[in-house]
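Single-structure report; data block below.
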Amino acid sequence: MTKPDLSHAAQRHTILPRQLPGLTRFDYQRTQGWLARYYAVRQVVHQRLFSDSRYAWDPVRSRAAACRWLLAYSATTAPRPRFRNVARSNTGLVGICRRWKRERSGRRVLVYDVSYQRDGKRCTKTFRVNHYSSQRAALAFAVTFRRCCEEAMTLERLRALQQVWEQESMQVLQERSGDVADARP
């Protein structure tokens, strides 16, 4: 099998430098366009090819259409969570770890640490077992807190993706309106 000759595609298209999540450029002899992939929950991938031929051989317009499709799809379908599905902790739960913590007084205390992200920064909240009626109660509070954090992390990721796709599609529209204004006498 020979490698496809991409010289004609390189002459005709200028590929935008910024990489966007969910977008892949296809530049082959028979196919030129943007493949948009949306990763939804339960390992489902929705994808669609936006061929340059449908947009007057303009890769910028096909990229904008792909961004609009991703934006519209994200409004109806929840994205795949970015956190692990398989636990690698001693509790068997994702993001929750049981450990002994040494306090300033030197006393050892059993705690549950919950890991999560807020505004892209890694955070940890500690649930001390001696502050609750039992070890199960402390674990139940930790699990409830982690579930709330997972929902917040999923929403934060969705908003970040939507913002990126919306900015990209708006940028293309502004560039196109500027090109039209420059072409007028």
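Every chain in the structure tokens takes a letter, A first, then B, and so on in the order presented; its residues are numbered from 1, and the ligands are numbered from 1 following the presented order.
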
Write out as an MDAnalysis selection string all residues of range 72-184 of chain A that DSSP puts in strand (DSSP E) for this structure's backbone.
-> chainID A and resid 96:102 108:118 121:128

Output file for the selection above: C-alpha atoms, as an mmCIF file, in the first residue's frame:
data_model
loop_
_atom_site.group_PDB
_atom_site.id
_atom_site.type_symbol
_atom_site.label_atom_id
_atom_site.label_comp_id
_atom_site.auth_asym_id
_atom_site.auth_seq_id
_atom_site.Cartn_x
_atom_site.Cartn_y
_atom_site.Cartn_z
ATOM 1 C CA ILE A 96 -11.938 8.176 47.681
ATOM 2 C CA CYS A 97 -8.993 6.889 49.700
ATOM 3 C CA ARG A 98 -8.856 5.649 53.311
ATOM 4 C CA ARG A 99 -5.659 6.432 55.216
ATOM 5 C CA TRP A 100 -4.201 7.218 58.604
ATOM 6 C CA LYS A 101 -3.371 10.890 59.060
ATOM 7 C CA ARG A 102 -0.978 12.189 61.675
ATOM 8 C CA ARG A 108 -3.041 9.222 64.289
ATOM 9 C CA VAL A 109 -6.582 9.591 62.938
ATOM 10 C CA LEU A 110 -8.402 7.465 60.346
ATOM 11 C CA VAL A 111 -9.665 9.670 57.469
ATOM 12 C CA TYR A 112 -11.269 9.414 54.050
ATOM 13 C CA ASP A 113 -9.678 11.708 51.451
ATOM 14 C CA VAL A 114 -11.836 12.717 48.495
ATOM 15 C CA SER A 115 -10.003 13.925 45.372
ATOM 16 C CA TYR A 116 -11.706 16.195 42.841
ATOM 17 C CA GLN A 117 -11.032 19.080 40.482
ATOM 18 C CA ARG A 118 -12.363 22.613 40.642
ATOM 19 C CA LYS A 121 -7.066 22.521 39.893
ATOM 20 C CA ARG A 122 -6.760 19.307 41.872
ATOM 21 C CA CYS A 123 -8.331 19.496 45.343
ATOM 22 C CA THR A 124 -8.741 17.176 48.324
ATOM 23 C CA LYS A 125 -11.317 17.171 51.104
ATOM 24 C CA THR A 126 -10.742 15.146 54.246
ATOM 25 C CA PHE A 127 -13.499 13.402 56.216
ATOM 26 C CA ARG A 128 -12.246 12.421 59.688
#

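All residues of protein, DNA or RNA that reach within 10 Å of Val45 in chain A, judged by only C-alpha atoms and not counting those fewer than 5 positions away in the chain, are Arg37, Tyr38, Tyr39, Ala40, Pro79 and Arg80 of chain A.
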
For the residues selected in the previous step, produce a file with N, CA and C atoms as a PDB file, in the first residue's frame.
ATOM      1  N   ARG A  37     -15.925  14.409  16.319  1.00  0.00           N
ATOM      2  CA  ARG A  37     -16.275  13.301  17.207  1.00  0.00           C
ATOM      3  C   ARG A  37     -16.735  13.867  18.542  1.00  0.00           C
ATOM      4  N   TYR A  38     -17.863  13.343  19.002  1.00  0.00           N
ATOM      5  CA  TYR A  38     -18.374  13.725  20.322  1.00  0.00           C
ATOM      6  C   TYR A  38     -18.423  12.467  21.168  1.00  0.00           C
ATOM      7  N   TYR A  39     -17.672  12.470  22.252  1.00  0.00           N
ATOM      8  CA  TYR A  39     -17.580  11.311  23.132  1.00  0.00           C
ATOM      9  C   TYR A  39     -18.637  11.456  24.229  1.00  0.00           C
ATOM     10  N   ALA A  40     -19.660  10.602  24.153  1.00  0.00           N
ATOM     11  CA  ALA A  40     -20.767  10.666  25.107  1.00  0.00           C
ATOM     12  C   ALA A  40     -20.580   9.600  26.185  1.00  0.00           C
ATOM     13  N   PRO A  79     -21.458  14.755  28.022  1.00  0.00           N
ATOM     14  CA  PRO A  79     -20.166  14.253  27.567  1.00  0.00           C
ATOM     15  C   PRO A  79     -19.663  13.102  28.442  1.00  0.00           C
ATOM     16  N   ARG A  80     -18.686  12.383  27.921  1.00  0.00           N
ATOM     17  CA  ARG A  80     -18.050  11.319  28.690  1.00  0.00           C
ATOM     18  C   ARG A  80     -17.261  11.942  29.834  1.00  0.00           C
TER      19      ARG A  80
END

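Here the question is which of A:Ala36, A:Leu71, A:Val60, A:Ala78 gets nearest to Leu155 in chain A using only C-alpha atoms, and that residue is A:Ala78.
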
Find the nearest atom pair between each residue of range 51-99 of chain A and range 27-34 of chain A for residues within 7 Å, count only C-alpha atoms, give distances in Å to one decimal, sort rows by chain and ascending number, and present the table as CSV.
residue,atom,partner,partner_atom,distance
A:Ser51,CA,A:Gly33,CA,4.1
A:Asp52,CA,A:Gly33,CA,4.9
A:Pro59,CA,A:Gly33,CA,6.5
A:Ser62,CA,A:Trp34,CA,6.7
A:Arg63,CA,A:Trp34,CA,6.0
A:Ala66,CA,A:Trp34,CA,6.9

Take the residues that were just selected and, keeping N, CA and C atoms, output them as a PDB file, in the first residue's frame.
ATOM      1  N   SER A  51     -17.118  17.366   4.896  1.00  0.00           N
ATOM      2  CA  SER A  51     -16.257  17.378   3.723  1.00  0.00           C
ATOM      3  C   SER A  51     -16.109  18.793   3.177  1.00  0.00           C
ATOM      4  N   ASP A  52     -14.903  19.119   2.740  1.00  0.00           N
ATOM      5  CA  ASP A  52     -14.660  20.428   2.144  1.00  0.00           C
ATOM      6  C   ASP A  52     -15.465  20.626   0.863  1.00  0.00           C
ATOM      7  N   PRO A  59     -11.751  24.741   3.746  1.00  0.00           N
ATOM      8  CA  PRO A  59     -11.610  24.014   5.015  1.00  0.00           C
ATOM      9  C   PRO A  59     -12.021  24.840   6.230  1.00  0.00           C
ATOM     10  N   SER A  62     -15.830  24.398   6.496  1.00  0.00           N
ATOM     11  CA  SER A  62     -16.189  23.052   6.960  1.00  0.00           C
ATOM     12  C   SER A  62     -15.821  22.870   8.440  1.00  0.00           C
ATOM     13  N   ARG A  63     -14.732  23.498   8.872  1.00  0.00           N
ATOM     14  CA  ARG A  63     -14.349  23.444  10.288  1.00  0.00           C
ATOM     15  C   ARG A  63     -15.377  24.169  11.151  1.00  0.00           C
ATOM     16  N   ALA A  66     -18.364  21.991  11.514  1.00  0.00           N
ATOM     17  CA  ALA A  66     -18.096  20.913  12.467  1.00  0.00           C
ATOM     18  C   ALA A  66     -18.194  21.429  13.900  1.00  0.00           C
TER      19      ALA A  66
END

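If only C-alpha atoms are the atoms counted, then among A:Gln163, A:Thr24, A:Glu151, A:Arg61 the closest residue to Arg48 in chain A is A:Thr24.
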
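With only C-alpha atoms taken into account, the protein and nucleic acid residues at most 9 Å from Glu150 in chain A (excluding it and anything under 2 positions from it in its own chain) are Pro81, Phe83, Tyr116, Gln117, Phe145, Arg146, Arg147, Cys148, Ala152, Met153, Thr154 and Leu155 of chain A.
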
Backbone-only DSSP, helix (DSSP H, G or I) members of range 91-178 of chain A, as a PyMOL selection string = chain A and resi 129-131+135-178

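Residue nearest Glu156 in chain A, chosen from A:Asp119, A:Ser89, A:Phe141, A:Cys67 and counting only C-alpha atoms: A:Asp119.
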
Near Gln162 in chain A, counting only C-alpha atoms, which residues have an atom at most 10 Å away, once you skip same-chain residues fewer than 3 positions from it, shown as a VMD selection string?
-> chain A and resid 67 to 68 70 to 75 156 to 159 165 to 168

With N, CA and C atoms retained, write the just-selected residues as an mmCIF file, in the first residue's frame.
data_model
loop_
_atom_site.group_PDB
_atom_site.id
_atom_site.type_symbol
_atom_site.label_atom_id
_atom_site.label_comp_id
_atom_site.auth_asym_id
_atom_site.auth_seq_id
_atom_site.Cartn_x
_atom_site.Cartn_y
_atom_site.Cartn_z
ATOM 1 N N CYS A 67 -17.685 22.630 14.145
ATOM 2 C CA CYS A 67 -17.784 23.220 15.484
ATOM 3 C C CYS A 67 -19.231 23.477 15.867
ATOM 4 N N ARG A 68 -20.017 23.968 14.911
ATOM 5 C CA ARG A 68 -21.442 24.202 15.192
ATOM 6 C C ARG A 68 -22.157 22.889 15.501
ATOM 7 N N LEU A 70 -20.785 20.129 16.783
ATOM 8 C CA LEU A 70 -20.353 19.713 18.124
ATOM 9 C C LEU A 70 -21.065 20.516 19.206
ATOM 10 N N LEU A 71 -21.218 21.811 18.969
ATOM 11 C CA LEU A 71 -21.889 22.673 19.934
ATOM 12 C C LEU A 71 -23.358 22.268 20.089
ATOM 13 N N ALA A 72 -24.026 22.006 18.964
ATOM 14 C CA ALA A 72 -25.435 21.605 19.018
ATOM 15 C C ALA A 72 -25.585 20.230 19.680
ATOM 16 N N TYR A 73 -24.664 19.329 19.383
ATOM 17 C CA TYR A 73 -24.752 17.990 19.968
ATOM 18 C C TYR A 73 -24.494 18.021 21.464
ATOM 19 N N SER A 74 -23.584 18.880 21.879
ATOM 20 C CA SER A 74 -23.269 18.954 23.310
ATOM 21 C C SER A 74 -24.433 19.531 24.109
ATOM 22 N N ALA A 75 -25.319 20.266 23.458
ATOM 23 C CA ALA A 75 -26.472 20.826 24.160
ATOM 24 C C ALA A 75 -27.511 19.752 24.478
ATOM 25 N N GLU A 156 -18.508 21.296 34.292
ATOM 26 C CA GLU A 156 -17.392 22.198 34.004
ATOM 27 C C GLU A 156 -16.725 21.819 32.684
ATOM 28 N N ARG A 157 -16.544 20.522 32.462
ATOM 29 C CA ARG A 157 -15.946 20.056 31.201
ATOM 30 C C ARG A 157 -16.846 20.390 30.023
ATOM 31 N N LEU A 158 -18.146 20.173 30.164
ATOM 32 C CA LEU A 158 -19.088 20.473 29.092
ATOM 33 C C LEU A 158 -19.066 21.958 28.752
ATOM 34 N N ARG A 159 -19.078 22.799 29.761
ATOM 35 C CA ARG A 159 -19.042 24.246 29.502
ATOM 36 C C ARG A 159 -17.748 24.666 28.823
ATOM 37 N N TRP A 165 -15.766 25.471 21.255
ATOM 38 C CA TRP A 165 -16.410 25.286 19.953
ATOM 39 C C TRP A 165 -17.145 26.541 19.515
ATOM 40 N N GLU A 166 -17.797 27.228 20.461
ATOM 41 C CA GLU A 166 -18.518 28.450 20.123
ATOM 42 C C GLU A 166 -17.549 29.553 19.701
ATOM 43 N N GLN A 167 -16.434 29.703 20.410
ATOM 44 C CA GLN A 167 -15.446 30.710 20.036
ATOM 45 C C GLN A 167 -14.890 30.442 18.647
ATOM 46 N N GLU A 168 -14.644 29.181 18.339
ATOM 47 C CA GLU A 168 -14.088 28.828 17.028
ATOM 48 C C GLU A 168 -15.068 29.144 15.914
#

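CA of Gly120 in chain A sits 20.9 Å away from CA of Thr144 in chain A.
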
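Put simply, CA of Trp69 in chain A is 20.5 Å away from CA of Arg42 in chain A.
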